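File shown: model_16.tsv. Contents: TSV, N, CA and C atoms.
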chain	number	residue	atom	x	y	z
A	1	MET	N	50.89	-10.96	-70.81
A	1	MET	CA	50.15	-12.22	-70.92
A	1	MET	C	49.03	-12.18	-69.90
A	2	SER	N	47.80	-12.08	-70.35
A	2	SER	CA	46.68	-12.02	-69.42
A	2	SER	C	45.67	-13.13	-69.66
A	3	ASP	N	46.04	-14.13	-70.44
A	3	ASP	CA	45.13	-15.23	-70.71
A	3	ASP	C	45.02	-16.13	-69.50
A	4	TRP	N	43.84	-16.68	-69.30
A	4	TRP	CA	43.63	-17.65	-68.25
A	4	TRP	C	44.20	-18.99	-68.69
A	5	ILE	N	44.88	-19.66	-67.79
A	5	ILE	CA	45.50	-20.95	-68.06
A	5	ILE	C	44.69	-22.03	-67.35
A	6	ASP	N	44.22	-23.00	-68.11
A	6	ASP	CA	43.45	-24.10	-67.56
A	6	ASP	C	44.39	-24.99	-66.75
A	7	VAL	N	44.03	-25.27	-65.49
A	7	VAL	CA	44.92	-25.98	-64.58
A	7	VAL	C	44.47	-27.41	-64.30
A	8	THR	N	43.24	-27.55	-63.83
A	8	THR	CA	42.75	-28.87	-63.42
A	8	THR	C	41.24	-28.83	-63.26
A	9	ALA	N	40.66	-30.00	-63.07
A	9	ALA	CA	39.23	-30.07	-62.78
A	9	ALA	C	38.97	-29.58	-61.36
A	10	GLU	N	37.86	-28.93	-61.16
A	10	GLU	CA	37.49	-28.39	-59.85
A	10	GLU	C	37.46	-29.46	-58.77
A	11	ASN	N	37.05	-30.67	-59.13
A	11	ASN	CA	36.93	-31.73	-58.13
A	11	ASN	C	38.18	-32.61	-58.03
A	12	ALA	N	39.28	-32.23	-58.69
A	12	ALA	CA	40.50	-33.04	-58.67
A	12	ALA	C	41.29	-32.91	-57.37
A	13	LEU	N	41.07	-31.82	-56.64
A	13	LEU	CA	41.78	-31.60	-55.38
A	13	LEU	C	40.82	-31.66	-54.21
A	14	ALA	N	41.27	-32.30	-53.13
A	14	ALA	CA	40.52	-32.28	-51.88
A	14	ALA	C	40.93	-31.03	-51.10
A	15	ASN	N	40.11	-30.63	-50.14
A	15	ASN	CA	40.48	-29.49	-49.30
A	15	ASN	C	41.82	-29.74	-48.63
A	16	GLY	N	42.69	-28.73	-48.68
A	16	GLY	CA	44.03	-28.83	-48.10
A	16	GLY	C	45.08	-29.35	-49.06
A	17	GLU	N	44.66	-29.82	-50.24
A	17	GLU	CA	45.62	-30.32	-51.22
A	17	GLU	C	46.04	-29.20	-52.17
A	18	ASN	N	47.16	-29.43	-52.87
A	18	ASN	CA	47.62	-28.48	-53.86
A	18	ASN	C	48.30	-29.19	-55.01
A	19	ILE	N	48.45	-28.48	-56.10
A	19	ILE	CA	49.26	-28.92	-57.22
A	19	ILE	C	50.16	-27.76	-57.60
A	20	VAL	N	51.26	-28.06	-58.26
A	20	VAL	CA	52.19	-27.03	-58.71
A	20	VAL	C	52.24	-27.08	-60.23
A	21	ILE	N	52.12	-25.90	-60.84
A	21	ILE	CA	52.21	-25.80	-62.30
A	21	ILE	C	53.23	-24.72	-62.65
A	22	ASP	N	53.68	-24.75	-63.87
A	22	ASP	CA	54.60	-23.74	-64.39
A	22	ASP	C	53.79	-22.72	-65.17
A	23	ILE	N	53.92	-21.46	-64.81
A	23	ILE	CA	53.28	-20.38	-65.56
A	23	ILE	C	54.38	-19.42	-65.98
A	24	ASN	N	54.68	-19.42	-67.26
A	24	ASN	CA	55.71	-18.53	-67.81
A	24	ASN	C	57.03	-18.63	-67.06
A	25	GLY	N	57.42	-19.86	-66.71
A	25	GLY	CA	58.70	-20.08	-66.05
A	25	GLY	C	58.68	-19.91	-64.54
A	26	VAL	N	57.50	-19.70	-63.97
A	26	VAL	CA	57.36	-19.54	-62.52
A	26	VAL	C	56.53	-20.70	-61.98
A	27	ASP	N	57.04	-21.39	-60.95
A	27	ASP	CA	56.25	-22.44	-60.31
A	27	ASP	C	55.19	-21.80	-59.44
A	28	VAL	N	53.95	-22.21	-59.67
A	28	VAL	CA	52.80	-21.66	-58.95
A	28	VAL	C	52.06	-22.81	-58.27
A	29	ALA	N	51.81	-22.67	-56.98
A	29	ALA	CA	51.07	-23.68	-56.22
A	29	ALA	C	49.61	-23.26	-56.14
A	30	ILE	N	48.73	-24.15	-56.57
A	30	ILE	CA	47.28	-23.91	-56.50
A	30	ILE	C	46.74	-24.76	-55.36
A	31	PHE	N	46.12	-24.11	-54.39
A	31	PHE	CA	45.59	-24.76	-53.19
A	31	PHE	C	44.08	-24.73	-53.20
A	32	LYS	N	43.48	-25.77	-52.63
A	32	LYS	CA	42.04	-25.77	-52.38
A	32	LYS	C	41.87	-25.69	-50.86
A	33	ILE	N	41.26	-24.61	-50.39
A	33	ILE	CA	41.03	-24.36	-48.97
A	33	ILE	C	39.56	-24.06	-48.78
A	34	ALA	N	38.88	-24.88	-47.98
A	34	ALA	CA	37.46	-24.69	-47.68
A	34	ALA	C	36.63	-24.53	-48.96
A	35	GLY	N	36.97	-25.33	-49.97
A	35	GLY	CA	36.20	-25.32	-51.21
A	35	GLY	C	36.55	-24.22	-52.19
A	36	ARG	N	37.50	-23.36	-51.83
A	36	ARG	CA	37.91	-22.26	-52.72
A	36	ARG	C	39.35	-22.49	-53.16
A	37	PHE	N	39.71	-21.90	-54.29
A	37	PHE	CA	41.04	-22.08	-54.86
A	37	PHE	C	41.85	-20.80	-54.75
A	38	PHE	N	43.15	-20.98	-54.46
A	38	PHE	CA	44.09	-19.86	-54.33
A	38	PHE	C	45.40	-20.27	-54.97
A	39	ALA	N	46.13	-19.30	-55.50
A	39	ALA	CA	47.39	-19.60	-56.16
A	39	ALA	C	48.46	-18.62	-55.69
A	40	ILE	N	49.61	-19.19	-55.25
A	40	ILE	CA	50.75	-18.38	-54.84
A	40	ILE	C	52.01	-18.93	-55.50
A	41	GLU	N	53.02	-18.08	-55.60
A	41	GLU	CA	54.29	-18.53	-56.13
A	41	GLU	C	54.87	-19.59	-55.19
A	42	ASP	N	55.37	-20.65	-55.76
A	42	ASP	CA	55.91	-21.77	-54.98
A	42	ASP	C	57.38	-21.55	-54.65
A	43	THR	N	57.66	-20.41	-54.04
A	43	THR	CA	59.04	-20.07	-53.68
A	43	THR	C	59.04	-19.32	-52.36
A	44	CYS	N	59.77	-19.84	-51.38
A	44	CYS	CA	59.90	-19.15	-50.10
A	44	CYS	C	60.74	-17.89	-50.30
A	45	SER	N	60.25	-16.77	-49.84
A	45	SER	CA	60.98	-15.51	-50.00
A	45	SER	C	62.21	-15.45	-49.08
A	46	HIS	N	62.33	-16.38	-48.17
A	46	HIS	CA	63.49	-16.42	-47.28
A	46	HIS	C	64.72	-16.98	-47.99
A	47	ASP	N	64.58	-18.15	-48.65
A	47	ASP	CA	65.76	-18.75	-49.26
A	47	ASP	C	65.55	-19.30	-50.67
A	48	GLY	N	64.38	-19.06	-51.25
A	48	GLY	CA	64.13	-19.48	-52.62
A	48	GLY	C	63.70	-20.93	-52.79
A	49	ALA	N	63.54	-21.66	-51.69
A	49	ALA	CA	63.11	-23.06	-51.76
A	49	ALA	C	61.62	-23.14	-52.07
A	50	GLU	N	61.20	-24.31	-52.54
A	50	GLU	CA	59.78	-24.52	-52.80
A	50	GLU	C	59.05	-24.60	-51.46
A	51	ILE	N	57.77	-24.24	-51.45
A	51	ILE	CA	57.00	-24.29	-50.20
A	51	ILE	C	55.77	-25.18	-50.28
A	52	ALA	N	55.36	-25.58	-51.47
A	52	ALA	CA	54.11	-26.32	-51.64
A	52	ALA	C	54.10	-27.66	-50.91
A	53	SER	N	55.27	-28.25	-50.66
A	53	SER	CA	55.30	-29.54	-49.97
A	53	SER	C	55.22	-29.37	-48.45
A	54	GLY	N	55.14	-28.14	-47.98
A	54	GLY	CA	55.03	-27.88	-46.55
A	54	GLY	C	53.66	-28.22	-46.01
A	55	GLN	N	53.54	-28.14	-44.71
A	55	GLN	CA	52.27	-28.44	-44.03
A	55	GLN	C	51.30	-27.27	-44.20
A	56	VAL	N	50.05	-27.60	-44.49
A	56	VAL	CA	48.98	-26.61	-44.55
A	56	VAL	C	48.35	-26.54	-43.17
A	57	ASP	N	48.24	-25.31	-42.64
A	57	ASP	CA	47.65	-25.07	-41.34
A	57	ASP	C	46.58	-24.00	-41.51
A	58	GLY	N	45.33	-24.42	-41.66
A	58	GLY	CA	44.25	-23.46	-41.94
A	58	GLY	C	44.46	-22.86	-43.32
A	59	ASP	N	44.67	-21.54	-43.36
A	59	ASP	CA	44.93	-20.88	-44.65
A	59	ASP	C	46.39	-20.47	-44.78
A	60	GLU	N	47.27	-21.16	-44.06
A	60	GLU	CA	48.70	-20.88	-44.14
A	60	GLU	C	49.47	-22.10	-44.61
A	61	ILE	N	50.57	-21.86	-45.34
A	61	ILE	CA	51.51	-22.90	-45.72
A	61	ILE	C	52.79	-22.66	-44.93
A	62	ILE	N	53.34	-23.73	-44.38
A	62	ILE	CA	54.56	-23.64	-43.59
A	62	ILE	C	55.71	-24.15	-44.44
A	63	CYS	N	56.72	-23.33	-44.66
A	63	CYS	CA	57.86	-23.73	-45.47
A	63	CYS	C	58.53	-24.95	-44.84
A	64	PRO	N	58.76	-26.00	-45.62
A	64	PRO	CA	59.34	-27.21	-45.06
A	64	PRO	C	60.80	-27.08	-44.65
A	65	ARG	N	61.49	-26.05	-45.10
A	65	ARG	CA	62.92	-25.91	-44.77
A	65	ARG	C	63.15	-25.21	-43.44
A	66	HIS	N	62.57	-24.04	-43.25
A	66	HIS	CA	62.88	-23.26	-42.06
A	66	HIS	C	61.67	-22.78	-41.28
A	67	GLY	N	60.47	-23.17	-41.71
A	67	GLY	CA	59.27	-22.89	-40.93
A	67	GLY	C	58.61	-21.55	-41.15
A	68	ALA	N	59.06	-20.77	-42.14
A	68	ALA	CA	58.35	-19.52	-42.43
A	68	ALA	C	56.92	-19.85	-42.83
A	69	ARG	N	56.01	-18.96	-42.50
A	69	ARG	CA	54.59	-19.17	-42.82
A	69	ARG	C	54.13	-18.08	-43.79
A	70	PHE	N	53.26	-18.53	-44.72
A	70	PHE	CA	52.68	-17.60	-45.70
A	70	PHE	C	51.18	-17.84	-45.78
A	71	CYS	N	50.42	-16.77	-45.95
A	71	CYS	CA	48.98	-16.88	-46.14
A	71	CYS	C	48.73	-17.38	-47.57
A	72	ILE	N	48.03	-18.47	-47.68
A	72	ILE	CA	47.72	-19.05	-48.98
A	72	ILE	C	46.79	-18.14	-49.77
A	73	LYS	N	45.94	-17.40	-49.10
A	73	LYS	CA	44.95	-16.55	-49.77
A	73	LYS	C	45.56	-15.28	-50.35
A	74	THR	N	46.62	-14.74	-49.71
A	74	THR	CA	47.15	-13.43	-50.12
A	74	THR	C	48.63	-13.44	-50.47
A	75	GLY	N	49.35	-14.48	-50.09
A	75	GLY	CA	50.80	-14.51	-50.29
A	75	GLY	C	51.58	-13.78	-49.21
A	76	ARG	N	50.87	-13.20	-48.26
A	76	ARG	CA	51.55	-12.43	-47.20
A	76	ARG	C	52.35	-13.33	-46.27
A	77	VAL	N	53.55	-12.86	-45.94
A	77	VAL	CA	54.37	-13.58	-44.98
A	77	VAL	C	53.75	-13.41	-43.60
A	78	LYS	N	53.71	-14.50	-42.85
A	78	LYS	CA	53.09	-14.48	-41.53
A	78	LYS	C	54.11	-14.67	-40.40
A	79	SER	N	55.29	-15.23	-40.71
A	79	SER	CA	56.30	-15.39	-39.66
A	79	SER	C	57.69	-15.54	-40.25
A	80	ALA	N	58.66	-15.18	-39.43
A	80	ALA	CA	60.08	-15.31	-39.78
A	80	ALA	C	60.41	-16.79	-39.92
A	81	PRO	N	61.47	-17.10	-40.65
A	81	PRO	CA	62.55	-16.22	-41.06
A	81	PRO	C	62.30	-15.44	-42.34
A	82	ALA	N	61.15	-15.62	-42.98
A	82	ALA	CA	60.83	-14.82	-44.17
A	82	ALA	C	60.29	-13.46	-43.74
A	83	TYR	N	60.58	-12.45	-44.54
A	83	TYR	CA	60.08	-11.10	-44.26
A	83	TYR	C	59.41	-10.47	-45.46
A	84	GLU	N	59.45	-11.14	-46.61
A	84	GLU	CA	58.83	-10.61	-47.82
A	84	GLU	C	57.71	-11.54	-48.26
A	85	ASP	N	56.63	-10.94	-48.76
A	85	ASP	CA	55.49	-11.70	-49.27
A	85	ASP	C	55.89	-12.47	-50.53
A	86	VAL	N	55.08	-13.45	-50.88
A	86	VAL	CA	55.24	-14.13	-52.17
A	86	VAL	C	54.08	-13.70	-53.07
A	87	ASP	N	54.31	-13.74	-54.37
A	87	ASP	CA	53.28	-13.32	-55.32
A	87	ASP	C	52.08	-14.26	-55.26
A	88	CYS	N	50.91	-13.68	-55.44
A	88	CYS	CA	49.71	-14.51	-55.59
A	88	CYS	C	49.13	-14.22	-56.97
A	89	PHE	N	48.31	-15.14	-57.45
A	89	PHE	CA	47.79	-15.09	-58.81
A	89	PHE	C	46.27	-15.21	-58.77
A	90	PRO	N	45.57	-14.52	-59.68
A	90	PRO	CA	44.12	-14.65	-59.75
A	90	PRO	C	43.72	-16.07	-60.15
A	91	VAL	N	42.63	-16.54	-59.56
A	91	VAL	CA	42.09	-17.88	-59.85
A	91	VAL	C	40.61	-17.74	-60.11
A	92	GLN	N	40.12	-18.50	-61.08
A	92	GLN	CA	38.68	-18.57	-61.32
A	92	GLN	C	38.32	-20.01	-61.65
A	93	VAL	N	37.04	-20.33	-61.45
A	93	VAL	CA	36.52	-21.65	-61.83
A	93	VAL	C	35.45	-21.40	-62.88
A	94	VAL	N	35.64	-22.02	-64.05
A	94	VAL	CA	34.71	-21.86	-65.15
A	94	VAL	C	34.35	-23.25	-65.67
A	95	ASN	N	33.05	-23.54	-65.66
A	95	ASN	CA	32.56	-24.83	-66.17
A	95	ASN	C	33.30	-26.01	-65.53
A	96	GLY	N	33.54	-25.92	-64.22
A	96	GLY	CA	34.17	-27.02	-63.51
A	96	GLY	C	35.67	-27.12	-63.67
A	97	ARG	N	36.29	-26.12	-64.30
A	97	ARG	CA	37.74	-26.12	-64.53
A	97	ARG	C	38.37	-24.96	-63.76
A	98	VAL	N	39.47	-25.25	-63.07
A	98	VAL	CA	40.22	-24.22	-62.34
A	98	VAL	C	41.17	-23.56	-63.32
A	99	GLN	N	41.17	-22.23	-63.32
A	99	GLN	CA	42.03	-21.47	-64.21
A	99	GLN	C	42.82	-20.43	-63.41
A	100	VAL	N	44.04	-20.18	-63.85
A	100	VAL	CA	44.94	-19.22	-63.19
A	100	VAL	C	45.44	-18.25	-64.24
A	101	ARG	N	45.69	-17.02	-63.82
A	101	ARG	CA	46.21	-16.00	-64.74
A	101	ARG	C	47.45	-15.34	-64.15
A	102	ASP	N	48.42	-15.07	-65.00
A	102	ASP	CA	49.63	-14.35	-64.59
A	102	ASP	C	49.46	-12.89	-64.97
A	103	ASN	N	49.36	-12.03	-63.97
A	103	ASN	CA	49.16	-10.59	-64.21
A	103	ASN	C	50.47	-9.83	-64.35
A	104	HIS	N	51.61	-10.49	-64.27
A	104	HIS	CA	52.89	-9.78	-64.36
A	104	HIS	C	53.10	-9.07	-65.67
A	105	TRP	N	52.48	-9.56	-66.73
A	105	TRP	CA	52.78	-9.04	-68.06
A	105	TRP	C	51.66	-8.17	-68.63
A	106	GLN	N	50.75	-7.71	-67.81
A	106	GLN	CA	49.66	-6.86	-68.31
A	106	GLN	C	50.13	-5.46	-68.54
Output the file's structure as structure tokens, nothing else.
Amino acid sequence: MSDWIDVTAENALANGENIVIDINGVDVAIFKIAGRFFAIEDTCSHDGAEIASGQVDGDEIICPRHGARFCIKTGRVKSAPAYEDVDCFPVQVVNGRVQVRDNHWQ
């Protein structure tokens, strides 16, 4: 599955805000950071909990359960107790619409 999925209007999110959508059974958090959009899997690699409701600190999301940090731009884990990255997804903006693609099935 390599089709782009229309998510939201470009101006629907303020900087630092996010929304969560389902892409092929996976919850994906789409963040707006400094006017750009990024998408990561909404699952902490430490314990499987959602992370999108955590605090945004610059370009990092802090897991609300145990404080693990992940880079919103790359999905890379930044601090324990997590040690594995989370998946990130390609994002594009076309005609004022934010779109996300799942590359797992290419």
Can you tell me how far atom CA of A:Thr43 sits from atom C of A:Phe31, in Å to one decimal? 15.7 Å
Using only C-alpha atoms, which residue out of A:Asp3, A:Glu41, A:Asp47, A:Asp59 lies closest to A:Glu17?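 Answer, going by the shortest atom-to-atom distance: A:Asp59.
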Please list as a list in words every residue within 6.5 Å of stretch 77-83 of chain A, counting all atoms listed in the file and excluding residues in the same chain fewer than 3 positions away. Ser45, His46, His66, Gly67, Ala68, Arg69, Phe70, Cys71 and Val86 of chain A
For atom C of A:Val100 and atom C of A:Arg65, the interatomic separation in Å (one decimal): 28.2 Å
Go ahead and find all residues with at least one atom no further than 12 Å from (46.3, -25.9, -43.2) in the file's coordinates, using only C-alpha atoms; report them as a short mmCIF file (atom, residue, chain, number, x, y, z; two decimals) with N, CA and C atoms, in the coordinates of the input.
data_model
loop_
_atom_site.label_atom_id
_atom_site.label_comp_id
_atom_site.auth_asym_id
_atom_site.auth_seq_id
_atom_site.Cartn_x
_atom_site.Cartn_y
_atom_site.Cartn_z
N ASN A 15 40.11 -30.63 -50.14
CA ASN A 15 40.48 -29.49 -49.30
C ASN A 15 41.82 -29.74 -48.63
N GLY A 16 42.69 -28.73 -48.68
CA GLY A 16 44.03 -28.83 -48.10
C GLY A 16 45.08 -29.35 -49.06
N GLU A 17 44.66 -29.82 -50.24
CA GLU A 17 45.62 -30.32 -51.22
C GLU A 17 46.04 -29.20 -52.17
N ASN A 18 47.16 -29.43 -52.87
CA ASN A 18 47.62 -28.48 -53.86
C ASN A 18 48.30 -29.19 -55.01
N PHE A 31 46.12 -24.11 -54.39
CA PHE A 31 45.59 -24.76 -53.19
C PHE A 31 44.08 -24.73 -53.20
N LYS A 32 43.48 -25.77 -52.63
CA LYS A 32 42.04 -25.77 -52.38
C LYS A 32 41.87 -25.69 -50.86
N ILE A 33 41.26 -24.61 -50.39
CA ILE A 33 41.03 -24.36 -48.97
C ILE A 33 39.56 -24.06 -48.78
N ALA A 34 38.88 -24.88 -47.98
CA ALA A 34 37.46 -24.69 -47.68
C ALA A 34 36.63 -24.53 -48.96
N ALA A 52 55.36 -25.58 -51.47
CA ALA A 52 54.11 -26.32 -51.64
C ALA A 52 54.10 -27.66 -50.91
N SER A 53 55.27 -28.25 -50.66
CA SER A 53 55.30 -29.54 -49.97
C SER A 53 55.22 -29.37 -48.45
N GLY A 54 55.14 -28.14 -47.98
CA GLY A 54 55.03 -27.88 -46.55
C GLY A 54 53.66 -28.22 -46.01
N GLN A 55 53.54 -28.14 -44.71
CA GLN A 55 52.27 -28.44 -44.03
C GLN A 55 51.30 -27.27 -44.20
N VAL A 56 50.05 -27.60 -44.49
CA VAL A 56 48.98 -26.61 -44.55
C VAL A 56 48.35 -26.54 -43.17
N ASP A 57 48.24 -25.31 -42.64
CA ASP A 57 47.65 -25.07 -41.34
C ASP A 57 46.58 -24.00 -41.51
N GLY A 58 45.33 -24.42 -41.66
CA GLY A 58 44.25 -23.46 -41.94
C GLY A 58 44.46 -22.86 -43.32
N ASP A 59 44.67 -21.54 -43.36
CA ASP A 59 44.93 -20.88 -44.65
C ASP A 59 46.39 -20.47 -44.78
N GLU A 60 47.27 -21.16 -44.06
CA GLU A 60 48.70 -20.88 -44.14
C GLU A 60 49.47 -22.10 -44.61
N ILE A 61 50.57 -21.86 -45.34
CA ILE A 61 51.51 -22.90 -45.72
C ILE A 61 52.79 -22.66 -44.93
N ILE A 62 53.34 -23.73 -44.38
CA ILE A 62 54.56 -23.64 -43.59
C ILE A 62 55.71 -24.15 -44.44
N CYS A 63 56.72 -23.33 -44.66
CA CYS A 63 57.86 -23.73 -45.47
C CYS A 63 58.53 -24.95 -44.84
N ARG A 69 56.01 -18.96 -42.50
CA ARG A 69 54.59 -19.17 -42.82
C ARG A 69 54.13 -18.08 -43.79
N PHE A 70 53.26 -18.53 -44.72
CA PHE A 70 52.68 -17.60 -45.70
C PHE A 70 51.18 -17.84 -45.78
N CYS A 71 50.42 -16.77 -45.95
CA CYS A 71 48.98 -16.88 -46.14
C CYS A 71 48.73 -17.38 -47.57
N ILE A 72 48.03 -18.47 -47.68
CA ILE A 72 47.72 -19.05 -48.98
C ILE A 72 46.79 -18.14 -49.77
N LYS A 73 45.94 -17.40 -49.10
CA LYS A 73 44.95 -16.55 -49.77
C LYS A 73 45.56 -15.28 -50.35
#
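Between atom CA of A:Glu84 and atom CA of A:Gly35 there is a distance of 27.2 Å.
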Determine which residues of chain A receive a DSSP assignment of strand (DSSP E or B), computed from the backbone, and state them as a PyMOL selection string. chain A and resi 4-9+18-23+26-33+36-41+55-57+60-62+69-71+77-79+88-89+91-94+97-101
Which residues, protein or nucleic acid, reach to within 6.5 Å of (55.1, -20.6, -55.5) in the file's coordinates when using all atoms listed in the file, and can you give that as a list in words?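 The distance filter leaves exactly Asp27, Val28, Ala29, Ile40, Glu41, Asp42, Thr43, Cys44, Ile51 and Ala52 of chain A.
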Identify which of the residues A:Pro64, A:Ala39, A:Ala49, A:Asp102 lies closest to A:Asp87, counting only N, CA and C atoms when measuring atom-to-atom distances. A:Ala39
Residue nearest A:Phe38 among A:Ala12, A:Gly96, A:Asp85, A:Thr74 (counting all atoms listed in the file):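 Checking each candidate against A:Phe38, we get A:Thr74 as the closest.
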Just need the box for stretch 95-103 of chain A, edges along x, y and z, holding every atom the file lists for it with 8 Å tacked onto each side, so centre and edge lengths in Å to one decimal, as AutoDock Vina command-line options.
--center_x 41.5 --center_y -18.5 --center_z -64.3 --size_x 33.9 --size_y 33.3 --size_z 19.8
